[in-house]
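Asker: After the structure tokens below, expect a handful of questions from me.
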Protein chains: 2
Amino acid sequence: MQNFEFFNPVNIVFGQGQIKKLGQLVPTGTKIMLAYGGGSIFKNGVYDQVKSALPGLELTEFGGIEPNPRYETLMKAVEVVKNEKIGFILAVGGGSVLDGVKFIAAAALWTEGDPWNFLTNRKLVVTRAVPLGSVMTLPATGSEMNGNSVVTRLSTQEKLAFNADAVLPVFSILDPTVVFSLPEKQVANGIVDAFVHVMEQYLTYPVDSPIQDRFAESILVTLIEEGPKVLVNRNDYNAAANFMWAATMALNGLIGAGVPQDWATHTIGHELTAFHGIDHARTLAIVLPGIMQVKRVGKREKLLQFGERVWGVKSGSNDARIDEAILRTVAFFESFGIPTKLSAYNIGPDFIPVICNRFTNRGIKGIGEKGDLTIEQVSEVLTLQL
Amino acid sequence: MQNFEFFNPVNIVFGQGQIKKLGQLVPTGTKIMLAYGGGSIFKNGVYDQVKSALPGLELTEFGGIEPNPRYETLMKAVEVVKNEKIGFILAVGGGSVLDGVKFIAAAALWTEGDPWNFLTNRKLVVTRAVPLGSVMTLPATGSEMNGNSVVTRLSTQEKLAFNADAVLPVFSILDPTVVFSLPEKQVANGIVDAFVHVMEQYLTYPVDSPIQDRFAESILVTLIEEGPKVLVNRNDYNAAANFMWAATMALNGLIGAGVPQDWATHTIGHELTAFHGIDHARTLAIVLPGIMQVKRVGKREKLLQFGERVWGVKSGSNDARIDEAILRTVAFFESFGIPTKLSAYNIGPDFIPVICNRFTNRGIKGIGEKGDLTIEQVSEVLTLQL
């Protein structure tokens, strides 16, 4: 096991009916902004539940945070937070609303020029933010229990991330009944997103970390078992709850503590979203199988372990077992309508150099757990997935 | 899954050489008490490492906190904290030192009479405590990442517990090299302690909680694999690290979130310590197999799942599989010298009514996950383990 620090003070309030506890969770004596997205919370009743859990409280509302939340939109909210001296932001929505609110919270107290800088310049560290909490409505990103945020800037077609303890939610309410009204596509995306979050922290190289490995496999197997149940019957409370908890545990820092992490799939996937607007999770389903192929030597031990423990692939040569593990993963994604090829989005080979050039222009020589997935190999990954 | 709240803000700093970070972790501008036990930290070098990580800092030292920390001793430390206006307590030691420091920290700010009351009266809640941190030297209790504390009062032969968020350590440093110098008996005790902590949160009845179940099984399997490695070669860093992380994860609230919990083994075990001074872990090794027998109907599904997933017991009748699961658990404990019978401690049947009367006198009618392990069944459990 590698040395690590693990700090996650998010107060998780999980279960049916828990939105009622909001009144005890939000701070008193400060102005609160209620931030949300495109309005699904008006259809599924969550907005009404939130309002009635906070009777008599004057809330400044900011709606319209997009999927892949946009810098341009978020900066408008930053102005509101500053002008109205907001002291707490309540994010009600999915990972995009959460990520957007984290950016708003940090940007509102940022004093060193354009807040975009803390996304582009890794040396700039966010140490202060307006406190925030969340009512999570879409199991997928794990944003409800981490300090990660990904923001997209339209004007430059960039999608960049930051991470800071300062933007960890004070609390997150997870009521699995929000899943009941989710469209199939969002559930499918959420399953893939959580699955690949685990893979980024698991499918690297062994460092003798049996707890982390088995926890990761526990989440993967749970997603494989529970995901399809949710897709078949959206009103299956237990399946919804297990899916929701799996998505949170997939990216709250625990399974990644003390082990190497990859994140090449995300790095490449973000470019597919930035240039082509493909849903985040769907970009991951395209890239991951290509990474598994191209890195089959560097990731051999973990690919074999993954195949055996997650898919039950125990016989055949090492190469055959790795092939089978990749096939099973692809079949899982495609079984609920998530394509794993670029052609499904009418993207051809001409686009591949565009991505590669972007990495080269940023001075990136290699990505992944050892920084040894070269830009040439990124091209190879994408070519495999045409 | 049941509704739950999960809140664990302990900053875990894990790995070889991490004690050096103490200087960045303890607060400045306040008086610090350094609390420890019987002096093993002088032999294993941890005391020196702590002192050199905090150069120039004046520390008020309080040593001599016993295994099963005693109210009588701890109240002396409470006086020192009050008189010297201590603003932070650094616990350096194992679970007993940690538990003791939690009591000291809470008792020092307790204003409603004798602090013993918050142990005897469940209605009294500890909401304030002097902040504390730890350098953990003995993987076992999980106290480094929870708000639990167990204190023994000599004058009344009582051993009682309290739990409060207020006594969650601000940070805990876990350096696995502390295991290198541990006596075999302490390692053996630690393995059993962590194992039974998991069982108390796992071996109940199913509530469709696959993540919690698999995480619990992950910790059990890791203890079964790594524990013996540590016993054979105390200098195996990876085994020590995995054992240490397993012990922490066994009781930090995560695997118990959203599932029923038992704790009957602990409730009975505490009386064996209170009356006979048997090491905490050793009492658990006696009681658990008896509970598994007596509750074989109520715990059937989980006993079968435990047998299959943890011990690989997949064939035979349900009863045969449960017998095998119990036998394997007993054999595991005894394989490293932990007895599972009262006779190993020269305790005969006369003692059983003494324990049962104590429960009856406290008004307890039943214990365990459904409160349905009757006092008669407690007698049955202990009779089986004579």
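How things are named: the first chain in the structure tokens is A, the next is B, and so on; residues count from 1 in each chain; ligands count from 1 in the order shown.
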Given identical sequences, can you show me chain B least-squares superposed on chain A via all its Cα atoms in order, as a short mmCIF file (atom, residue, chain, number, x, y, z; two decimals) with C-alpha atoms, in the first residue's frame?

Answerer:
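The resulting file, selection22.cif, is reproduced below:
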```
data_model
loop_
_atom_site.label_atom_id
_atom_site.label_comp_id
_atom_site.auth_asym_id
_atom_site.auth_seq_id
_atom_site.Cartn_x
_atom_site.Cartn_y
_atom_site.Cartn_z
CA MET B 1 0.01 0.01 0.03
CA GLN B 2 1.14 3.54 -0.68
CA ASN B 3 1.13 6.30 1.94
CA PHE B 4 -2.03 8.38 1.87
CA GLU B 5 -4.18 10.98 3.55
CA PHE B 6 -7.92 10.50 3.68
CA PHE B 7 -10.25 13.26 4.82
CA ASN B 8 -13.93 13.28 4.01
CA PRO B 9 -16.12 15.23 6.42
CA VAL B 10 -19.29 15.21 4.28
CA ASN B 11 -22.32 14.42 6.41
CA ILE B 12 -24.30 11.89 4.37
CA VAL B 13 -28.02 11.76 5.12
CA PHE B 14 -29.32 8.77 3.21
CA GLY B 15 -32.77 7.35 2.64
CA GLN B 16 -36.38 7.89 1.80
CA GLY B 17 -37.89 11.01 3.35
CA GLN B 18 -34.58 12.52 4.44
CA ILE B 19 -35.12 15.81 2.56
CA LYS B 20 -37.33 16.73 5.53
CA LYS B 21 -34.17 17.10 7.63
CA LEU B 22 -32.95 20.06 5.53
CA GLY B 23 -34.16 22.53 8.13
CA GLN B 24 -31.74 21.08 10.70
CA LEU B 25 -28.87 20.91 8.22
CA VAL B 26 -28.68 24.36 6.63
CA PRO B 27 -27.05 27.08 8.72
CA THR B 28 -29.13 29.79 10.32
CA GLY B 29 -28.46 33.50 10.25
CA THR B 30 -27.06 33.62 6.75
CA LYS B 31 -28.46 34.14 3.26
CA ILE B 32 -28.92 30.94 1.28
CA MET B 33 -28.80 30.44 -2.47
CA LEU B 34 -30.78 27.55 -3.92
CA ALA B 35 -29.02 26.44 -7.11
CA TYR B 36 -30.43 23.98 -9.63
CA GLY B 37 -30.38 22.89 -13.22
CA GLY B 38 -32.89 22.68 -16.01
CA GLY B 39 -36.01 22.17 -14.00
CA SER B 40 -36.33 18.40 -13.43
CA ILE B 41 -36.66 19.17 -9.72
CA PHE B 42 -39.98 20.86 -10.49
CA LYS B 43 -41.27 17.71 -12.19
CA ASN B 44 -40.09 15.14 -9.66
CA GLY B 45 -41.32 17.03 -6.62
CA VAL B 46 -37.88 17.64 -5.12
CA TYR B 47 -38.20 21.42 -5.41
CA ASP B 48 -41.44 21.32 -3.45
CA GLN B 49 -39.94 19.01 -0.82
CA VAL B 50 -36.96 21.33 -0.41
CA LYS B 51 -39.15 24.41 -0.08
CA SER B 52 -41.46 22.80 2.46
CA ALA B 53 -38.46 21.58 4.48
CA LEU B 54 -37.32 25.21 4.76
CA PRO B 55 -40.50 27.10 5.65
CA GLY B 56 -40.24 30.84 6.06
CA LEU B 57 -36.71 30.90 4.70
CA GLU B 58 -36.00 33.42 1.99
CA LEU B 59 -33.96 31.66 -0.68
CA THR B 60 -32.16 33.32 -3.55
CA GLU B 61 -32.76 31.00 -6.49
CA PHE B 62 -30.35 30.42 -9.33
CA GLY B 63 -31.55 27.96 -11.96
CA GLY B 64 -30.32 26.91 -15.35
CA ILE B 65 -27.00 25.24 -14.51
CA GLU B 66 -26.41 23.01 -17.55
CA PRO B 67 -25.18 19.44 -17.87
CA ASN B 68 -21.41 20.00 -18.16
CA PRO B 69 -21.85 23.27 -16.28
CA ARG B 70 -20.56 26.26 -18.15
CA TYR B 71 -18.15 28.82 -16.84
CA GLU B 72 -20.18 31.52 -18.57
CA THR B 73 -23.35 30.58 -16.66
CA LEU B 74 -21.62 29.99 -13.36
CA MET B 75 -19.93 33.39 -13.38
CA LYS B 76 -23.42 34.95 -13.38
CA ALA B 77 -24.16 33.05 -10.17
CA VAL B 78 -20.84 34.23 -8.73
CA GLU B 79 -22.02 37.81 -9.21
CA VAL B 80 -25.27 37.07 -7.39
CA VAL B 81 -23.42 35.42 -4.49
CA LYS B 82 -21.15 38.44 -4.16
CA ASN B 83 -23.85 41.07 -4.56
CA GLU B 84 -26.31 39.42 -2.20
CA LYS B 85 -23.68 38.32 0.32
CA ILE B 86 -24.81 34.69 0.14
CA GLY B 87 -23.40 32.66 3.05
CA PHE B 88 -24.47 29.16 2.03
CA ILE B 89 -25.30 27.50 -1.29
CA LEU B 90 -27.69 24.58 -1.48
CA ALA B 91 -27.21 22.57 -4.67
CA VAL B 92 -30.31 20.63 -5.68
CA GLY B 93 -29.65 18.42 -8.67
CA GLY B 94 -27.19 15.99 -10.16
CA GLY B 95 -23.44 16.04 -10.52
CA SER B 96 -23.43 18.98 -12.90
CA VAL B 97 -25.31 21.20 -10.47
CA LEU B 98 -22.99 20.05 -7.67
CA ASP B 99 -19.87 20.66 -9.73
CA GLY B 100 -21.20 24.03 -10.82
CA VAL B 101 -21.97 25.05 -7.25
CA LYS B 102 -18.47 24.06 -6.14
CA PHE B 103 -17.04 26.37 -8.78
CA ILE B 104 -19.43 29.17 -7.78
CA ALA B 105 -18.55 28.71 -4.09
CA ALA B 106 -14.81 28.87 -4.76
CA ALA B 107 -14.96 31.62 -7.39
CA ALA B 108 -17.01 33.90 -5.15
CA LEU B 109 -14.15 34.12 -2.65
CA TRP B 110 -11.33 34.00 -5.23
CA THR B 111 -9.22 37.14 -5.18
CA GLU B 112 -6.42 36.33 -7.62
CA GLY B 113 -7.91 37.37 -10.94
CA ASP B 114 -10.15 35.28 -13.16
CA PRO B 115 -11.37 32.16 -11.31
CA TRP B 116 -10.81 30.20 -14.53
CA ASN B 117 -7.15 30.29 -13.56
CA PHE B 118 -7.59 27.75 -10.77
CA LEU B 119 -8.78 25.30 -13.42
CA THR B 120 -5.99 25.94 -15.92
CA ASN B 121 -3.13 26.37 -13.46
CA ARG B 122 -2.58 23.36 -11.18
CA LYS B 123 -0.33 25.42 -8.94
CA LEU B 124 -3.21 27.61 -7.82
CA VAL B 125 -4.98 26.03 -4.87
CA VAL B 126 -8.50 26.80 -3.75
CA THR B 127 -8.41 27.20 0.02
CA ARG B 128 -11.63 29.13 0.67
CA ALA B 129 -15.19 28.72 -0.53
CA VAL B 130 -18.72 29.64 0.48
CA PRO B 131 -20.03 26.61 2.44
CA LEU B 132 -22.34 24.39 0.44
CA GLY B 133 -24.66 21.43 0.85
CA SER B 134 -26.59 19.27 -1.57
CA VAL B 135 -29.76 17.38 -2.27
CA MET B 136 -28.52 14.90 -4.87
CA THR B 137 -31.02 13.88 -7.55
CA LEU B 138 -28.96 11.71 -9.92
CA PRO B 139 -26.61 8.90 -8.81
CA ALA B 140 -23.55 9.06 -11.02
CA THR B 141 -20.67 11.41 -10.38
CA GLY B 142 -20.04 11.03 -6.65
CA SER B 143 -19.81 14.81 -6.48
CA GLU B 144 -22.04 14.71 -3.39
CA MET B 145 -19.17 13.27 -1.34
CA ASN B 146 -16.01 14.70 -2.83
CA GLY B 147 -14.22 17.97 -3.53
CA ASN B 148 -14.08 17.50 -7.30
CA SER B 149 -15.61 19.81 -9.88
CA VAL B 150 -15.47 19.81 -13.67
CA VAL B 151 -16.38 22.97 -15.56
CA THR B 152 -16.70 23.62 -19.30
CA ARG B 153 -15.82 26.89 -21.01
CA LEU B 154 -17.72 27.36 -24.23
CA SER B 155 -15.56 30.11 -25.67
CA THR B 156 -12.45 27.93 -25.64
CA GLN B 157 -14.13 24.49 -25.91
CA GLU B 158 -12.30 23.43 -22.75
CA LYS B 159 -13.49 21.10 -19.98
CA LEU B 160 -11.27 21.22 -16.91
CA ALA B 161 -11.33 19.98 -13.33
CA PHE B 162 -10.26 21.19 -9.91
CA ASN B 163 -10.27 19.55 -6.50
CA ALA B 164 -10.31 21.22 -3.09
CA ASP B 165 -11.26 20.27 0.46
CA ALA B 166 -12.80 23.74 0.71
CA VAL B 167 -15.64 22.71 -1.63
CA LEU B 168 -16.52 19.44 0.09
CA PRO B 169 -20.26 19.69 0.82
CA VAL B 170 -21.10 20.19 4.49
CA PHE B 171 -23.91 17.68 3.98
CA SER B 172 -25.50 15.74 1.15
CA ILE B 173 -28.99 14.33 1.27
CA LEU B 174 -29.37 11.16 -0.81
CA ASP B 175 -32.98 10.08 -1.19
CA PRO B 176 -33.11 7.06 -3.53
CA THR B 177 -36.70 7.80 -4.55
CA VAL B 178 -35.34 10.53 -6.86
CA VAL B 179 -34.32 7.62 -9.12
CA PHE B 180 -37.99 6.67 -9.68
CA SER B 181 -38.52 9.50 -12.15
CA LEU B 182 -35.17 9.43 -13.95
CA PRO B 183 -35.18 8.80 -17.71
CA GLU B 184 -33.54 5.52 -18.76
CA LYS B 185 -30.68 7.36 -20.42
CA GLN B 186 -29.66 9.12 -17.21
CA VAL B 187 -29.71 5.89 -15.23
CA ALA B 188 -27.62 4.17 -17.91
CA ASN B 189 -25.16 7.06 -17.91
CA GLY B 190 -24.97 6.98 -14.13
CA ILE B 191 -24.13 3.28 -14.05
CA VAL B 192 -21.30 3.75 -16.55
CA ASP B 193 -20.01 6.86 -14.80
CA ALA B 194 -19.77 5.14 -11.41
CA PHE B 195 -18.31 1.99 -12.99
CA VAL B 196 -15.53 3.90 -14.71
CA HIS B 197 -14.80 5.97 -11.60
CA VAL B 198 -14.00 2.72 -9.84
CA MET B 199 -11.93 1.44 -12.76
CA GLU B 200 -9.78 4.59 -12.77
CA GLN B 201 -8.73 3.82 -9.19
CA TYR B 202 -8.53 0.05 -9.53
CA LEU B 203 -7.30 -0.98 -12.98
CA THR B 204 -3.68 0.08 -12.59
CA TYR B 205 -0.95 -2.14 -11.11
CA PRO B 206 -0.87 -4.11 -7.84
CA VAL B 207 0.51 -2.46 -4.70
CA ASP B 208 -0.66 -5.13 -2.21
CA SER B 209 -3.82 -3.29 -1.17
CA PRO B 210 -6.44 -6.00 -0.59
CA ILE B 211 -8.98 -3.78 1.17
CA GLN B 212 -8.98 -1.15 -1.57
CA ASP B 213 -9.10 -3.81 -4.31
CA ARG B 214 -11.96 -5.72 -2.75
CA PHE B 215 -13.93 -2.57 -1.98
CA ALA B 216 -13.52 -1.54 -5.63
CA GLU B 217 -14.67 -4.98 -6.79
CA SER B 218 -17.60 -4.78 -4.35
CA ILE B 219 -18.81 -1.59 -6.01
CA LEU B 220 -18.32 -2.95 -9.54
CA VAL B 221 -20.23 -6.17 -8.80
CA THR B 222 -22.99 -4.17 -7.12
CA LEU B 223 -23.33 -1.90 -10.17
CA ILE B 224 -23.45 -4.96 -12.43
CA GLU B 225 -26.17 -6.57 -10.30
CA GLU B 226 -28.23 -3.56 -9.27
CA GLY B 227 -27.92 -1.33 -12.35
CA PRO B 228 -30.05 -3.54 -14.61
CA LYS B 229 -32.66 -3.90 -11.85
CA VAL B 230 -33.04 -0.12 -11.76
CA LEU B 231 -33.30 0.02 -15.54
CA VAL B 232 -36.02 -2.65 -15.59
CA ASN B 233 -38.03 -1.25 -12.69
CA ARG B 234 -37.34 2.33 -11.74
CA ASN B 235 -39.54 1.97 -8.65
CA ASP B 236 -37.42 -0.78 -7.06
CA TYR B 237 -36.40 1.15 -3.94
CA ASN B 238 -33.66 -1.21 -2.79
CA ALA B 239 -32.04 -1.36 -6.21
CA ALA B 240 -32.20 2.44 -6.47
CA ALA B 241 -30.66 2.79 -3.00
CA ASN B 242 -27.85 0.35 -3.76
CA PHE B 243 -27.14 2.02 -7.09
CA MET B 244 -27.08 5.41 -5.39
CA TRP B 245 -24.75 4.32 -2.59
CA ALA B 246 -22.48 2.57 -5.11
CA ALA B 247 -22.16 5.78 -7.14
CA THR B 248 -21.25 7.76 -4.02
CA MET B 249 -18.71 5.20 -2.78
CA ALA B 250 -17.19 5.02 -6.26
CA LEU B 251 -15.65 8.48 -5.94
CA ASN B 252 -15.42 9.65 -2.35
CA GLY B 253 -11.68 9.05 -2.03
CA LEU B 254 -11.88 5.81 -0.09
CA ILE B 255 -11.06 3.20 -2.73
CA GLY B 256 -8.38 5.46 -4.18
CA ALA B 257 -6.57 5.99 -0.86
CA GLY B 258 -3.18 4.29 -0.87
CA VAL B 259 -3.28 3.03 -4.46
CA PRO B 260 -2.12 4.37 -7.85
CA GLN B 261 -4.79 6.03 -9.99
CA ASP B 262 -5.17 6.23 -13.74
CA TRP B 263 -7.72 8.83 -14.98
CA ALA B 264 -6.55 8.58 -18.61
CA THR B 265 -10.08 7.55 -19.62
CA HIS B 266 -11.45 10.74 -18.11
CA THR B 267 -8.72 12.92 -19.56
CA ILE B 268 -9.48 11.70 -23.07
CA GLY B 269 -13.23 11.54 -22.46
CA HIS B 270 -13.38 15.21 -21.40
CA GLU B 271 -12.10 16.17 -24.85
CA LEU B 272 -14.86 14.17 -26.52
CA THR B 273 -17.37 16.16 -24.49
CA ALA B 274 -15.58 19.45 -25.05
CA PHE B 275 -15.48 19.02 -28.84
CA HIS B 276 -18.57 16.94 -29.56
CA GLY B 277 -20.89 17.44 -26.60
CA ILE B 278 -21.14 13.70 -25.93
CA ASP B 279 -22.51 12.94 -22.44
CA HIS B 280 -19.64 12.51 -19.98
CA ALA B 281 -20.44 8.88 -19.10
CA ARG B 282 -20.78 7.95 -22.77
CA THR B 283 -17.31 9.25 -23.52
CA LEU B 284 -15.96 6.97 -20.77
CA ALA B 285 -17.68 3.93 -22.27
CA ILE B 286 -15.90 4.66 -25.55
CA VAL B 287 -12.45 5.28 -24.13
CA LEU B 288 -12.16 2.65 -21.37
CA PRO B 289 -12.22 -0.45 -23.62
CA GLY B 290 -9.51 1.14 -25.78
CA ILE B 291 -7.34 1.85 -22.74
CA MET B 292 -7.79 -1.75 -21.55
CA GLN B 293 -6.56 -2.98 -24.94
CA VAL B 294 -3.65 -0.60 -25.38
CA LYS B 295 -2.47 -1.00 -21.77
CA ARG B 296 -2.99 -4.76 -21.59
CA VAL B 297 0.67 -5.31 -20.71
CA GLY B 298 1.06 -2.53 -18.15
CA LYS B 299 -2.25 -3.40 -16.50
CA ARG B 300 -1.98 -7.19 -16.91
CA GLU B 301 -2.19 -8.28 -13.26
CA LYS B 302 -5.13 -6.04 -12.54
CA LEU B 303 -6.91 -6.96 -15.79
CA LEU B 304 -6.66 -10.63 -14.82
CA GLN B 305 -7.85 -9.92 -11.27
CA PHE B 306 -10.73 -7.80 -12.62
CA GLY B 307 -11.74 -10.56 -15.02
CA GLU B 308 -11.66 -13.21 -12.34
CA ARG B 309 -13.24 -11.44 -9.40
CA VAL B 310 -15.74 -9.21 -11.20
CA TRP B 311 -16.71 -11.31 -14.24
CA GLY B 312 -15.76 -14.81 -13.03
CA VAL B 313 -13.28 -15.32 -15.90
CA LYS B 314 -10.96 -17.97 -14.50
CA SER B 315 -9.81 -20.13 -17.39
CA GLY B 316 -7.81 -19.73 -20.59
CA SER B 317 -4.50 -18.09 -21.34
CA ASN B 318 -3.79 -14.72 -19.81
CA ASP B 319 -4.44 -13.05 -23.14
CA ALA B 320 -7.71 -14.88 -23.61
CA ARG B 321 -8.80 -13.93 -20.12
CA ILE B 322 -7.97 -10.27 -20.71
CA ASP B 323 -9.88 -10.34 -24.02
CA GLU B 324 -12.85 -11.84 -22.23
CA ALA B 325 -12.71 -9.24 -19.44
CA ILE B 326 -12.77 -6.45 -22.05
CA LEU B 327 -15.57 -8.12 -24.02
CA ARG B 328 -17.68 -8.54 -20.89
CA THR B 329 -17.21 -4.89 -19.94
CA VAL B 330 -18.18 -3.72 -23.43
CA ALA B 331 -21.18 -6.06 -23.48
CA PHE B 332 -22.29 -4.70 -20.09
CA PHE B 333 -22.28 -1.10 -21.32
CA GLU B 334 -23.95 -1.97 -24.62
CA SER B 335 -26.59 -4.13 -22.88
CA PHE B 336 -28.28 -0.94 -21.76
CA GLY B 337 -27.79 1.07 -24.90
CA ILE B 338 -24.46 2.80 -24.24
CA PRO B 339 -22.34 2.67 -27.43
CA THR B 340 -18.62 2.03 -27.11
CA LYS B 341 -17.57 3.21 -30.57
CA LEU B 342 -17.02 6.72 -31.95
CA SER B 343 -18.94 5.80 -35.10
CA ALA B 344 -22.14 5.80 -33.02
CA TYR B 345 -21.64 9.56 -32.81
CA ASN B 346 -20.48 9.95 -36.44
CA ILE B 347 -16.97 10.76 -35.37
CA GLY B 348 -14.32 9.64 -37.85
CA PRO B 349 -10.52 9.36 -37.84
CA ASP B 350 -9.99 13.02 -38.82
CA PHE B 351 -10.87 14.04 -35.31
CA ILE B 352 -8.18 12.00 -33.59
CA PRO B 353 -5.24 14.34 -34.33
CA VAL B 354 -7.30 17.26 -33.01
CA ILE B 355 -7.39 15.68 -29.56
CA CYS B 356 -3.78 14.56 -29.70
CA ASN B 357 -2.65 18.04 -30.69
CA ARG B 358 -4.50 19.53 -27.78
CA PHE B 359 -2.57 17.31 -25.35
CA THR B 360 0.69 18.05 -27.13
CA ASN B 361 -0.03 21.78 -27.03
CA ARG B 362 -0.62 21.57 -23.27
CA GLY B 363 2.84 20.04 -22.93
CA ILE B 364 1.45 16.66 -21.91
CA LYS B 365 3.79 13.80 -22.82
CA GLY B 366 1.93 10.94 -21.18
CA ILE B 367 -1.11 10.24 -19.01
CA GLY B 368 -2.33 7.40 -16.80
CA GLU B 369 -1.06 5.87 -13.55
CA LYS B 370 2.56 5.92 -14.65
CA GLY B 371 2.29 8.82 -17.08
CA ASP B 372 3.34 6.37 -19.76
CA LEU B 373 0.29 6.36 -22.00
CA THR B 374 1.89 8.43 -24.75
CA ILE B 375 0.08 10.74 -27.12
CA GLU B 376 0.70 8.16 -29.83
CA GLN B 377 -1.08 5.62 -27.68
CA VAL B 378 -3.98 8.03 -27.14
CA SER B 379 -4.30 8.01 -30.92
CA GLU B 380 -4.15 4.21 -30.86
CA VAL B 381 -6.90 4.05 -28.20
CA LEU B 382 -9.20 6.28 -30.24
CA THR B 383 -8.42 4.44 -33.49
CA LEU B 384 -9.40 1.15 -31.86
CA GLN B 385 -12.71 2.72 -30.83
CA LEU B 386 -13.63 4.23 -34.23
#
```

Asker: Just asking: which residues within stretch 269-353 of chain A are helix (DSSP H, G or I) according to DSSP, as a PyMOL selection string?

Answerer: chain A and resi 269-276+280-294+300-311+318-335+342-345+349-353
